[in-house]
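The next block is final.pdb, given as PDB, C-alpha atoms and all ligand atoms.
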ATOM      1  CA  MET E  12       6.474  65.844-188.030
ATOM      2  CA  ALA E  13       7.768  63.749-190.895
ATOM      3  CA  ILE E  14       6.022  63.908-194.250
ATOM      4  CA  THR E  15       4.541  60.424-193.716
ATOM      5  CA  GLY E  16       2.577  61.588-190.660
ATOM      6  CA  GLU E  17       1.224  64.549-192.620
ATOM      7  CA  THR E  18       0.133  62.274-195.439
ATOM      8  CA  VAL E  19      -1.690  60.029-192.967
ATOM      9  CA  ALA E  20      -3.357  63.023-191.302
ATOM     10  CA  ARG E  21      -4.555  64.353-194.679
ATOM     11  CA  ARG E  22      -5.970  60.968-195.629
ATOM     12  CA  LEU E  23      -7.831  60.818-192.330
ATOM     13  CA  THR E  24      -9.726  63.998-193.217
ATOM     14  CA  THR E  25     -11.349  62.265-196.192
ATOM     15  CA  VAL E  26     -11.518  58.638-195.013
ATOM     16  CA  ARG E  27     -14.866  56.895-195.535
ATOM     17  CA  LYS E  28     -14.384  53.848-193.331
ATOM     18  CA  LEU E  29     -11.472  53.492-190.927
ATOM     19  CA  LEU E  30     -10.248  50.269-189.336
ATOM     20  CA  VAL E  31      -7.703  50.398-186.530
ATOM     21  CA  LEU E  32      -5.971  47.156-185.538
ATOM     22  CA  THR E  33      -3.875  47.181-182.383
ATOM     23  CA  GLY E  34      -1.553  44.843-180.512
ATOM     24  CA  ALA E  35       0.551  44.829-177.364
ATOM     25  CA  GLY E  36       2.805  47.664-178.638
ATOM     26  CA  VAL E  37      -0.016  50.164-177.966
ATOM     27  CA  SER E  38      -0.002  49.321-174.263
ATOM     28  CA  LYS E  39       3.779  49.147-173.966
ATOM     29  CA  GLU E  40       4.069  52.830-173.129
ATOM     30  CA  SER E  41       1.554  52.258-170.315
ATOM     31  CA  GLY E  42       4.132  49.901-168.816
ATOM     32  CA  ILE E  43       2.538  46.619-169.883
ATOM     33  CA  PRO E  44       5.035  44.079-171.236
ATOM     34  CA  THR E  45       4.557  42.910-174.830
ATOM     35  CA  PHE E  46       4.475  39.186-175.591
ATOM     36  CA  ARG E  47       7.479  38.565-177.785
ATOM     37  CA  GLY E  48      11.168  39.094-177.175
ATOM     38  CA  GLU E  49      12.920  39.407-173.828
ATOM     39  CA  GLU E  50      10.198  41.286-172.009
ATOM     40  CA  GLY E  51       7.619  38.637-172.916
ATOM     41  CA  LEU E  52       9.154  36.224-170.444
ATOM     42  CA  TRP E  53       7.532  35.629-167.049
ATOM     43  CA  ARG E  54       9.883  33.655-164.822
ATOM     44  CA  GLN E  55      11.301  31.333-167.499
ATOM     45  CA  TYR E  56       8.057  30.951-169.464
ATOM     46  CA  ARG E  57       7.041  32.348-172.846
ATOM     47  CA  ALA E  58       3.404  33.333-173.483
ATOM     48  CA  GLU E  59       3.019  30.355-175.838
ATOM     49  CA  GLU E  60       3.859  28.002-172.941
ATOM     50  CA  LEU E  61       1.220  29.411-170.577
ATOM     51  CA  ALA E  62      -1.597  30.680-172.787
ATOM     52  CA  THR E  63      -2.832  27.253-173.870
ATOM     53  CA  PRO E  64      -5.615  24.892-172.756
ATOM     54  CA  GLN E  65      -2.954  22.217-172.253
ATOM     55  CA  ALA E  66      -0.945  24.421-169.861
ATOM     56  CA  PHE E  67      -4.131  25.132-167.892
ATOM     57  CA  ALA E  68      -5.036  21.435-167.724
ATOM     58  CA  ARG E  69      -1.489  20.588-166.576
ATOM     59  CA  ASN E  70      -0.971  23.369-164.068
ATOM     60  CA  PRO E  71      -3.963  25.714-163.585
ATOM     61  CA  LYS E  72      -2.364  27.321-160.524
ATOM     62  CA  LEU E  73       0.661  28.438-162.531
ATOM     63  CA  VAL E  74      -1.499  29.824-165.343
ATOM     64  CA  TRP E  75      -3.695  31.742-162.876
ATOM     65  CA  GLU E  76      -0.551  33.090-161.168
ATOM     66  CA  TRP E  77       0.648  34.469-164.506
ATOM     67  CA  TYR E  78      -2.719  36.089-165.222
ATOM     68  CA  ARG E  79      -2.905  37.541-161.696
ATOM     69  CA  TRP E  80       0.546  39.061-162.284
ATOM     70  CA  ARG E  81      -0.571  40.598-165.596
ATOM     71  CA  GLN E  82      -3.851  41.799-164.061
ATOM     72  CA  GLY E  83      -1.896  43.543-161.290
ATOM     73  CA  ILE E  84       0.289  45.429-163.792
ATOM     74  CA  ILE E  85      -2.722  46.369-165.927
ATOM     75  CA  LYS E  86      -4.812  47.599-162.973
ATOM     76  CA  ASN E  87      -2.071  50.015-161.994
ATOM     77  CA  ALA E  88      -1.469  51.186-165.572
ATOM     78  CA  GLN E  89      -3.076  54.215-167.200
ATOM     79  CA  PRO E  90      -4.151  54.713-170.832
ATOM     80  CA  ASN E  91      -1.349  56.417-172.759
ATOM     81  CA  GLN E  92      -1.435  59.036-175.527
ATOM     82  CA  ALA E  93      -1.905  56.349-178.189
ATOM     83  CA  HIS E  94      -5.026  54.888-176.515
ATOM     84  CA  LEU E  95      -6.420  58.403-176.069
ATOM     85  CA  ALA E  96      -5.709  59.419-179.683
ATOM     86  CA  ILE E  97      -7.437  56.257-180.973
ATOM     87  CA  ALA E  98     -10.496  57.049-178.828
ATOM     88  CA  GLN E  99     -10.526  60.541-180.380
ATOM     89  CA  LEU E 100     -10.396  59.109-183.907
ATOM     90  CA  GLU E 101     -13.632  57.265-183.147
ATOM     91  CA  ILE E 102     -15.274  60.600-182.271
ATOM     92  CA  HIS E 103     -14.088  62.316-185.465
ATOM     93  CA  ILE E 104     -14.652  59.482-187.937
ATOM     94  CA  GLN E 105     -18.186  58.186-188.069
ATOM     95  CA  ASN E 106     -17.538  54.885-189.816
ATOM     96  CA  PHE E 107     -14.962  53.445-187.482
ATOM     97  CA  LEU E 108     -13.980  50.136-185.892
ATOM     98  CA  LEU E 109     -11.169  49.351-183.478
ATOM     99  CA  VAL E 110     -10.089  45.710-183.458
ATOM    100  CA  THR E 111      -7.661  44.898-180.682
ATOM    101  CA  GLN E 112      -5.715  41.791-179.797
ATOM    102  CA  ASN E 113      -5.116  43.241-176.352
ATOM    103  CA  VAL E 114      -6.940  41.694-173.424
ATOM    104  CA  ASP E 115      -6.100  44.562-171.042
ATOM    105  CA  ASN E 116      -9.339  46.557-171.514
ATOM    106  CA  ILE E 117      -7.346  49.802-171.645
ATOM    107  CA  HIS E 118      -8.850  50.942-174.958
ATOM    108  CA  TYR E 119     -12.235  50.876-173.234
ATOM    109  CA  ARG E 120     -10.875  52.804-170.262
ATOM    110  CA  ALA E 121      -9.508  55.396-172.711
ATOM    111  CA  GLY E 122     -13.008  55.893-174.159
ATOM    112  CA  SER E 123     -13.134  53.541-177.168
ATOM    113  CA  ARG E 124     -16.601  52.041-177.651
ATOM    114  CA  LYS E 125     -16.688  50.804-181.270
ATOM    115  CA  LEU E 126     -14.376  48.049-180.172
ATOM    116  CA  VAL E 127     -13.859  44.346-180.837
ATOM    117  CA  GLU E 128     -11.671  42.547-178.282
ATOM    118  CA  LEU E 129     -10.617  39.679-180.519
ATOM    119  CA  HIS E 130      -8.674  37.809-177.831
ATOM    120  CA  GLY E 131     -11.062  38.426-174.921
ATOM    121  CA  ASN E 132     -10.660  40.338-171.685
ATOM    122  CA  ILE E 133      -8.354  39.529-168.793
ATOM    123  CA  PHE E 134     -10.844  40.891-166.243
ATOM    124  CA  ARG E 135     -13.455  38.292-167.143
ATOM    125  CA  ALA E 136     -13.388  34.594-166.379
ATOM    126  CA  LYS E 137     -15.455  31.720-167.694
ATOM    127  CA  CYS E 138     -16.247  28.198-166.575
ATOM    128  CA  ASN E 139     -14.426  25.519-168.528
ATOM    129  CA  ARG E 140     -17.418  23.203-168.024
ATOM    130  CA  CYS E 141     -20.619  25.296-168.505
ATOM    131  CA  ASP E 142     -19.086  28.459-170.082
ATOM    132  CA  LYS E 143     -20.773  30.795-167.544
ATOM    133  CA  LYS E 144     -19.012  34.194-167.463
ATOM    134  CA  TYR E 145     -17.738  35.889-164.321
ATOM    135  CA  LEU E 146     -16.247  39.304-163.644
ATOM    136  CA  GLU E 147     -13.057  39.726-161.661
ATOM    137  CA  PRO E 148     -12.139  39.955-158.805
ATOM    138  CA  LEU E 149     -12.586  36.267-158.020
ATOM    139  CA  THR E 150     -11.478  34.688-154.788
ATOM    140  CA  GLY E 151      -9.123  31.792-154.256
ATOM    141  CA  GLU E 152      -6.057  30.533-156.051
ATOM    142  CA  LEU E 153      -8.198  28.266-158.209
ATOM    143  CA  PRO E 154     -11.628  29.877-158.545
ATOM    144  CA  GLU E 155     -14.585  27.583-159.166
ATOM    145  CA  CYS E 156     -17.926  27.973-160.930
ATOM    146  CA  ALA E 157     -21.270  27.453-159.168
ATOM    147  CA  CYS E 158     -21.580  24.232-161.248
ATOM    148  CA  GLY E 159     -18.338  22.896-159.774
ATOM    149  CA  GLY E 160     -16.331  23.458-162.972
ATOM    150  CA  ARG E 161     -13.014  25.286-162.962
ATOM    151  CA  LEU E 162     -12.904  28.973-163.883
ATOM    152  CA  ARG E 163     -10.311  30.195-166.369
ATOM    153  CA  PRO E 164      -9.490  33.627-167.789
ATOM    154  CA  ASP E 165     -11.943  34.578-170.554
ATOM    155  CA  VAL E 166      -9.217  35.050-173.141
ATOM    156  CA  VAL E 167      -8.464  33.187-176.341
ATOM    157  CA  TRP E 168      -5.562  30.819-175.931
ATOM    158  CA  PHE E 169      -3.256  29.371-178.579
ATOM    159  CA  GLY E 170      -5.028  26.584-180.420
ATOM    160  CA  GLU E 171      -8.505  27.929-179.582
ATOM    161  CA  THR E 172     -10.974  29.483-181.989
ATOM    162  CA  LEU E 173     -12.049  33.092-181.714
ATOM    163  CA  ASN E 174     -15.620  34.166-181.046
ATOM    164  CA  PRO E 175     -17.182  33.821-184.547
ATOM    165  CA  ASP E 176     -19.278  37.028-184.221
ATOM    166  CA  ASP E 177     -16.202  39.071-183.304
ATOM    167  CA  LEU E 178     -14.220  37.564-186.146
ATOM    168  CA  ASP E 179     -17.015  38.180-188.678
ATOM    169  CA  ARG E 180     -17.333  41.785-187.565
ATOM    170  CA  ALA E 181     -13.566  42.372-187.837
ATOM    171  CA  PHE E 182     -13.134  40.583-191.173
ATOM    172  CA  GLY E 183     -16.284  42.175-192.635
ATOM    173  CA  PHE E 184     -15.109  45.648-191.709
ATOM    174  CA  ALA E 185     -11.603  44.939-193.035
ATOM    175  CA  ARG E 186     -13.067  44.014-196.427
ATOM    176  CA  GLU E 187     -15.052  47.257-196.595
ATOM    177  CA  CYS E 188     -12.714  49.854-195.123
ATOM    178  CA  ASP E 189     -10.765  52.292-197.285
ATOM    179  CA  MET E 190      -8.015  52.839-194.725
ATOM    180  CA  ALA E 191      -6.442  50.638-192.049
ATOM    181  CA  LEU E 192      -4.104  51.765-189.276
ATOM    182  CA  VAL E 193      -2.119  48.825-187.912
ATOM    183  CA  ILE E 194      -0.470  49.758-184.649
ATOM    184  CA  GLY E 195       1.916  47.906-182.338
ATOM    185  CA  THR E 196       1.432  44.335-183.449
ATOM    186  CA  SER E 197       4.077  41.858-184.573
ATOM    187  CA  GLY E 198       1.442  40.279-186.835
ATOM    188  CA  VAL E 199       2.436  36.711-186.128
ATOM    189  CA  VAL E 200      -0.754  35.454-184.483
ATOM    190  CA  GLN E 201      -3.554  34.284-186.743
ATOM    191  CA  PRO E 202      -6.272  35.018-187.645
ATOM    192  CA  ALA E 203      -5.705  38.641-186.495
ATOM    193  CA  ALA E 204      -2.589  38.882-188.686
ATOM    194  CA  THR E 205      -4.753  38.370-191.790
ATOM    195  CA  ILE E 206      -6.831  41.511-191.157
ATOM    196  CA  PRO E 207      -4.449  44.104-192.699
ATOM    197  CA  PHE E 208      -3.944  41.880-195.751
ATOM    198  CA  LEU E 209      -7.706  41.518-196.207
ATOM    199  CA  ALA E 210      -8.034  45.289-196.098
ATOM    200  CA  LYS E 211      -5.181  45.694-198.571
ATOM    201  CA  GLN E 212      -6.604  43.093-200.970
ATOM    202  CA  THR E 213      -9.894  44.934-201.151
ATOM    203  CA  GLY E 214      -8.219  48.240-201.920
ATOM    204  CA  ALA E 215      -7.693  49.923-198.545
ATOM    205  CA  TRP E 216      -4.748  52.168-197.843
ATOM    206  CA  VAL E 217      -2.705  50.468-195.114
ATOM    207  CA  VAL E 218      -0.543  52.328-192.609
ATOM    208  CA  GLU E 219       1.707  50.556-190.130
ATOM    209  CA  ILE E 220       2.964  52.246-186.965
ATOM    210  CA  ASN E 221       5.656  50.124-185.332
ATOM    211  CA  PRO E 222       9.332  50.842-184.535
ATOM    212  CA  THR E 223      10.281  47.287-185.621
ATOM    213  CA  PRO E 224       9.670  45.764-189.079
ATOM    214  CA  THR E 225       7.000  43.039-189.313
ATOM    215  CA  ALA E 226       5.600  40.713-191.988
ATOM    216  CA  LEU E 227       3.255  43.561-192.976
ATOM    217  CA  THR E 228       5.970  46.194-193.446
ATOM    218  CA  GLY E 229       6.713  45.337-197.077
ATOM    219  CA  SER E 230       3.022  45.447-198.033
ATOM    220  CA  ALA E 231       1.983  48.590-196.136
ATOM    221  CA  ASP E 232       1.441  51.808-198.093
ATOM    222  CA  ILE E 233       3.107  53.840-195.363
ATOM    223  CA  VAL E 234       5.275  52.718-192.473
ATOM    224  CA  ILE E 235       5.942  54.990-189.530
ATOM    225  CA  SER E 236       8.789  53.488-187.495
ATOM    226  CA  GLN E 237       8.176  55.405-184.296
ATOM    227  CA  PRO E 238       6.512  54.671-180.945
ATOM    228  CA  CYS E 239       2.764  55.102-181.370
ATOM    229  CA  ALA E 240       2.240  57.214-178.227
ATOM    230  CA  GLU E 241       4.520  59.847-179.823
ATOM    231  CA  VAL E 242       3.210  59.751-183.347
ATOM    232  CA  LEU E 243      -0.560  59.299-182.966
ATOM    233  CA  PRO E 244      -1.256  62.532-181.012
ATOM    234  CA  GLU E 245       0.712  64.437-183.668
ATOM    235  CA  ILE E 246      -1.290  62.855-186.477
ATOM    236  CA  LEU E 247      -4.545  63.596-184.644
ATOM    237  CA  SER E 248      -3.686  67.238-184.118
ATOM    238  CA  LEU E 249      -2.604  67.672-187.772
ATOM    239  CA  MET E 250      -5.838  65.997-188.881
ATOM    240  CA  GLN E 251      -7.860  68.447-186.782
ATOM    241  CA  ASN E 252      -5.911  71.405-188.223
ATOM    242  CA  PHE E 253      -6.462  70.215-191.793
ATOM    243  CA  SER E 254     -10.188  69.689-191.152
ATOM    244  CA  GLU E 255     -10.573  73.153-189.644
ATOM    245  CA  ALA E 256      -8.691  74.712-192.553
ATOM    246  CA  ALA E 257     -10.977  72.897-195.001
ATOM    247  CA  ASP E 258     -14.074  74.061-193.058
ATOM    248  CA  ASP E 259     -12.819  77.679-193.098
ATOM    249  CA  ALA E 260     -12.162  77.511-196.829
ATOM    250  CA  GLN E 261     -15.674  76.129-197.359
ATOM    251  CA  ALA E 262     -17.198  78.873-195.183
ATOM    252  CA  ASN E 263     -15.372  81.532-197.241
ATOM    253  CA  ARG E 264     -16.773  80.067-200.457
ATOM    254  CA  ASP E 265     -20.367  79.940-199.080
TER     255      ASP E 265
HETATM  256  P1  LIG E 301       3.722  41.192-179.716
HETATM  257  O1  LIG E 301       4.357  41.245-178.363
HETATM  258  O2  LIG E 301       3.927  39.987-180.554
HETATM  259  O3  LIG E 301       4.199  42.442-180.600
HETATM  260  C1  LIG E 301       4.239  43.740-180.101
HETATM  261  C2  LIG E 301       4.620  44.662-181.251
HETATM  262  O4  LIG E 301       4.563  46.000-180.786
HETATM  263  C3  LIG E 301       6.045  44.446-181.804
HETATM  264  O5  LIG E 301       5.989  44.347-183.216
HETATM  265  C4  LIG E 301       6.789  45.710-181.370
HETATM  266  O6  LIG E 301       7.772  46.111-182.317
HETATM  267  C5  LIG E 301       5.659  46.714-181.331
HETATM  268  N1  LIG E 301       5.910  47.859-180.444
HETATM  269  C6  LIG E 301       6.628  47.894-179.303
HETATM  270  N2  LIG E 301       6.591  49.125-178.776
HETATM  271  C7  LIG E 301       5.833  49.888-179.591
HETATM  272  C8  LIG E 301       5.414  51.243-179.579
HETATM  273  N3  LIG E 301       5.769  52.070-178.586
HETATM  274  N4  LIG E 301       4.635  51.698-180.595
HETATM  275  C9  LIG E 301       4.273  50.861-181.598
HETATM  276  N5  LIG E 301       4.630  49.568-181.668
HETATM  277  C10 LIG E 301       5.397  49.080-180.675
HETATM  278  O7  LIG E 301       2.167  41.490-179.469
HETATM  279  P2  LIG E 301       0.926  41.205-180.408
HETATM  280  O8  LIG E 301       1.243  41.387-181.837
HETATM  281  O9  LIG E 301      -0.197  41.969-179.819
HETATM  282  O10 LIG E 301      -2.497  36.662-177.527
HETATM  283  O11 LIG E 301       0.680  39.657-180.112
HETATM  284  C11 LIG E 301      -0.452  39.032-180.626
HETATM  285  C12 LIG E 301      -1.031  38.056-179.634
HETATM  286  O12 LIG E 301      -0.053  37.112-179.232
HETATM  287  C13 LIG E 301      -1.482  38.683-178.340
HETATM  288  O13 LIG E 301      -2.800  39.164-178.402
HETATM  289  C14 LIG E 301      -1.395  37.559-177.357
HETATM  290  C15 LIG E 301      -0.081  36.965-177.810
HETATM  291  O14 LIG E 301       0.141  35.723-177.414
HETATM  292  C16 LIG E 301      -3.272  36.371-176.461
HETATM  293  O15 LIG E 301      -3.101  36.820-175.349
HETATM  294  C17 LIG E 301      -4.367  35.441-176.757
END
Have the structure of the file written as structure tokens, please.
Ligand code: OAD
Amino acid sequence: MAITGETVARRLTTVRKLLVLTGAGVSKESGIPTFRGEEGLWRQYRAEELATPQAFARNPKLVWEWYRWRQGIIKNAQPNQAHLAIAQLEIHIQNFLLVTQNVDNIHYRAGSRKLVELHGNIFRAKCNRCDKKYLEPLTGELPECACGGRLRPDVVWFGETLNPDDLDRAFGFARECDMALVIGTSGVVQPAATIPFLAKQTGAWVVEINPTPTALTGSADIVISQPCAEVLPEILSLMQNFSEAADDAQANRD
């Protein structure tokens, strides 16, 4: 493993408070398309054209069709080595928070529990009149609420505000952490894109794992330009080796 991965693994053995921020790149190796670039297109539409309240008001059937398509892919997908390694980090590092922009719920399926789903969850729906929440599966092309309102996916769309409690928790943790791992996000969607910069401003050590440069790349302390499902298990296993070696050395001194 490259020297950068070793450095990250060593840091993880002494970290006090670890924030992990993830985006669609983490689920890519589970076969779920990311949002930007060629693979972000569904039929001829970009995510920005469908994931809006205006698109839903104009053509709710089309928007539901897109979400049903994504739900189908996600249901058949499995957590990959990156999701599993992140769930393990939570077990090893007591002061930990995972903030994800992903709505696919796969971090949870992989075992993550200290988790903020900033953009919601594709397997929940809510009423656009009374806000009542529903769990999928729902029936019908255009599911309706008991109050007669129209149900929509319980995700945050472009132009909408995030849940203030989730945002406070994520921003608060970013200000206090001493290390942030930023994995598989293009960092173009606000306010999530601010999180690594908040961490950096307050003195955290910021690591980016992404094969493609982003707006964060120039400001990160370490950049690992490799797919996260390859690199994270290696970092985790090095971290465990370093911790065991430190424990053995301590036991010999005692
Ligand atoms: P994007 O699709 O914008 O970016 C995915 C990032 O993952 C890119 O920077 C890729 O280079 C990187 N990537 C691809 N494969 C990778 C791998 N194997 N390992 C590591 N990185 C990899 O997705 P997000 O940044 O998550 O909003 O997009 C942010 C938000 O915009 C999404 O949450 C979504 C979207 O519209 C909602 O659904 C509300």
Quiz item: Do you know which residues the PyMOL selection byres (((not hetatm)) within 7 of (chain E and resi 301)) returns on this file, as an NGL selection string?
Solution: :E and (33-37 or 39-40 or 45-47 or 51 or 58-59 or 62 or 112-114 or 130 or 166-169 or 194-200 or 220-223 or 225 or 237-240)
Self-check item: Expected answer as a PyMOL selection string: all residues with atoms within 6 Å of (0.0, 53.5, -173.9), only C-alpha atoms
Solution: chain E and resi 37-41+90-94
Quiz item: Could you write out as an MDAnalysis selection string the residues that the PyMOL selection byres (((chain E and resi 27-32) around 9) and not hetatm) matches in the shown file?
Solution: chainID E and resid 23 25:26 33:34 97 101 104:112 181 184:185 187:196 203 206:207 210
Would you put the residues from that selection into a file with C-alpha atoms, as a PDB file, in the coordinates of the input?
ATOM      1  CA  LEU E  23      -7.831  60.818-192.330  1.00  0.00           C
ATOM      2  CA  THR E  25     -11.349  62.265-196.192  1.00  0.00           C
ATOM      3  CA  VAL E  26     -11.518  58.638-195.013  1.00  0.00           C
ATOM      4  CA  THR E  33      -3.875  47.181-182.383  1.00  0.00           C
ATOM      5  CA  GLY E  34      -1.553  44.843-180.512  1.00  0.00           C
ATOM      6  CA  ILE E  97      -7.437  56.257-180.973  1.00  0.00           C
ATOM      7  CA  GLU E 101     -13.632  57.265-183.147  1.00  0.00           C
ATOM      8  CA  ILE E 104     -14.652  59.482-187.937  1.00  0.00           C
ATOM      9  CA  GLN E 105     -18.186  58.186-188.069  1.00  0.00           C
ATOM     10  CA  ASN E 106     -17.538  54.885-189.816  1.00  0.00           C
ATOM     11  CA  PHE E 107     -14.962  53.445-187.482  1.00  0.00           C
ATOM     12  CA  LEU E 108     -13.980  50.136-185.892  1.00  0.00           C
ATOM     13  CA  LEU E 109     -11.169  49.351-183.478  1.00  0.00           C
ATOM     14  CA  VAL E 110     -10.089  45.710-183.458  1.00  0.00           C
ATOM     15  CA  THR E 111      -7.661  44.898-180.682  1.00  0.00           C
ATOM     16  CA  GLN E 112      -5.715  41.791-179.797  1.00  0.00           C
ATOM     17  CA  ALA E 181     -13.566  42.372-187.837  1.00  0.00           C
ATOM     18  CA  PHE E 184     -15.109  45.648-191.709  1.00  0.00           C
ATOM     19  CA  ALA E 185     -11.603  44.939-193.035  1.00  0.00           C
ATOM     20  CA  GLU E 187     -15.052  47.257-196.595  1.00  0.00           C
ATOM     21  CA  CYS E 188     -12.714  49.854-195.123  1.00  0.00           C
ATOM     22  CA  ASP E 189     -10.765  52.292-197.285  1.00  0.00           C
ATOM     23  CA  MET E 190      -8.015  52.839-194.725  1.00  0.00           C
ATOM     24  CA  ALA E 191      -6.442  50.638-192.049  1.00  0.00           C
ATOM     25  CA  LEU E 192      -4.104  51.765-189.276  1.00  0.00           C
ATOM     26  CA  VAL E 193      -2.119  48.825-187.912  1.00  0.00           C
ATOM     27  CA  ILE E 194      -0.470  49.758-184.649  1.00  0.00           C
ATOM     28  CA  GLY E 195       1.916  47.906-182.338  1.00  0.00           C
ATOM     29  CA  THR E 196       1.432  44.335-183.449  1.00  0.00           C
ATOM     30  CA  ALA E 203      -5.705  38.641-186.495  1.00  0.00           C
ATOM     31  CA  ILE E 206      -6.831  41.511-191.157  1.00  0.00           C
ATOM     32  CA  PRO E 207      -4.449  44.104-192.699  1.00  0.00           C
ATOM     33  CA  ALA E 210      -8.034  45.289-196.098  1.00  0.00           C
TER      34      ALA E 210
END
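The shortest atom-to-atom distance to Val74 of chain E, with only C-alpha atoms taken into account, belongs to E:Pro164 out of E:Gly214, E:Gly229, E:Gly183, E:Pro164.
A search radius of 7 Å centred on (-8.2, 40.1, -167.0), applied to all atoms listed in the file, returns the residues E:Gln82, E:Val114, E:Asp115, E:Asn132, E:Ile133, E:Phe134, E:Arg135, E:Pro164.
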Self-check item: Surrounding residues of Asp142 of chain E excluding itself and chain neighbours under 2 positions, 12 Å, only C-alpha atoms, as a list in words
Solution: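 The contact residues come out as Arg135, Ala136, Lys137, Cys138, Asn139, Arg140, Lys144, Tyr145, Glu155, Cys156, Ala157, Cys158, Gly159, Gly160, Arg161, Leu162, Arg163, Pro164 and Asp165 of chain E.
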Residues as selected, C-alpha atoms, written as a PDB file, in the coordinates of the input, can you do that?
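Wrote result-v3.pdb, looks like this:
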ATOM      1  CA  ARG E 135     -13.455  38.292-167.143  1.00  0.00           C
ATOM      2  CA  ALA E 136     -13.388  34.594-166.379  1.00  0.00           C
ATOM      3  CA  LYS E 137     -15.455  31.720-167.694  1.00  0.00           C
ATOM      4  CA  CYS E 138     -16.247  28.198-166.575  1.00  0.00           C
ATOM      5  CA  ASN E 139     -14.426  25.519-168.528  1.00  0.00           C
ATOM      6  CA  ARG E 140     -17.418  23.203-168.024  1.00  0.00           C
ATOM      7  CA  LYS E 144     -19.012  34.194-167.463  1.00  0.00           C
ATOM      8  CA  TYR E 145     -17.738  35.889-164.321  1.00  0.00           C
ATOM      9  CA  GLU E 155     -14.585  27.583-159.166  1.00  0.00           C
ATOM     10  CA  CYS E 156     -17.926  27.973-160.930  1.00  0.00           C
ATOM     11  CA  ALA E 157     -21.270  27.453-159.168  1.00  0.00           C
ATOM     12  CA  CYS E 158     -21.580  24.232-161.248  1.00  0.00           C
ATOM     13  CA  GLY E 159     -18.338  22.896-159.774  1.00  0.00           C
ATOM     14  CA  GLY E 160     -16.331  23.458-162.972  1.00  0.00           C
ATOM     15  CA  ARG E 161     -13.014  25.286-162.962  1.00  0.00           C
ATOM     16  CA  LEU E 162     -12.904  28.973-163.883  1.00  0.00           C
ATOM     17  CA  ARG E 163     -10.311  30.195-166.369  1.00  0.00           C
ATOM     18  CA  PRO E 164      -9.490  33.627-167.789  1.00  0.00           C
ATOM     19  CA  ASP E 165     -11.943  34.578-170.554  1.00  0.00           C
TER      20      ASP E 165
END
Quiz prompt | Nearest residue to Ala98 of chain E from the set E:Ala68, E:Ala231, E:Leu126, E:Cys141 (distances using only C-alpha atoms) | solution =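 So, comparing all the options, the nearest one is E:Leu126.
The space separating atom CA of Ala215 of chain E from atom CA of Asn252 of chain E comes to 23.9 Å.
Applied to this file, the PyMOL selection byres (((chain E and resi 120) around 10) and not hetatm) selects the residues Gln89, Pro90, His94, Leu95, Ala98, Asp115, Asn116, Ile117, His118, Tyr119, Ala121, Gly122, Ser123 and Arg124 of chain E.
Ranking E:Pro71, E:Ala226, E:His103, E:Gly83 by their shortest atom-to-atom distance to Ser254 of chain E, with only C-alpha atoms included, puts E:His103 first.
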Please return the centre and edge lengths, in Å to one decimal, of a box with edges along x, y and z that contains all listed atoms of segment 111-121 of chain E, widened by 6 Å on every side, as AutoDock Vina command-line options.
--center_x -8.7 --center_y 48.5 --center_z -175.5 --size_x 19.1 --size_y 25.7 --size_z 22.4
Quiz item: Restricting the calculation to all atoms listed in the file, which member of E:Phe208, E:Gln261, E:Thr172, E:Trp216 is positioned closest to Thr63 of chain E?
Solution: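 Of E:Phe208, E:Gln261, E:Thr172, E:Trp216, the one nearest Thr63 of chain E is E:Thr172, counting all atoms listed in the file.
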Which neighbours of Lys72 of chain E fall inside 7 Å, counting all atoms listed in the file, when residues of the same chain fewer than 2 positions from it are skipped, and could you give them as a PDB file with C-alpha atoms, in the frame of the given file?
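Wrote it out as part_9.pdb, contents follow:
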ATOM      1  CA  ASN E  70      -0.971  23.369-164.068  1.00  0.00           C
ATOM      2  CA  VAL E  74      -1.499  29.824-165.343  1.00  0.00           C
ATOM      3  CA  TRP E  75      -3.695  31.742-162.876  1.00  0.00           C
ATOM      4  CA  GLU E  76      -0.551  33.090-161.168  1.00  0.00           C
ATOM      5  CA  GLU E 152      -6.057  30.533-156.051  1.00  0.00           C
ATOM      6  CA  LEU E 153      -8.198  28.266-158.209  1.00  0.00           C
TER       7      LEU E 153
END
Self-check item: Counting all atoms listed in the file, the residue of E:Arg81, E:Arg69, E:Arg186, E:Lys211 that sits nearest Leu52 of chain E
Solution: E:Arg81
Quiz item: Looking at E:Leu73, E:Asn174, E:Pro44, E:Trp53, which one is nearest to Ala88 of chain E, with distances taken over all atoms listed in the file?
Solution: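 Looking only at the distances to Ala88 of chain E, the closest residue turns out to be E:Pro44.
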Exercise. Mind giving me the straight-line distance from atom CA of Ser236 of chain E to atom CA of Met250 of chain E in Å, one decimal?
Key: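 Computing the Euclidean distance for atom CA of Ser236 of chain E and atom CA of Met250 of chain E yields 19.3 Å.
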Quiz prompt | Distance of atom CA of Glu49 of chain E from atom CA of Leu61 of chain E, expressed in Å to one decimal place | solution =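 Distance between the two atoms: 15.7 Å.
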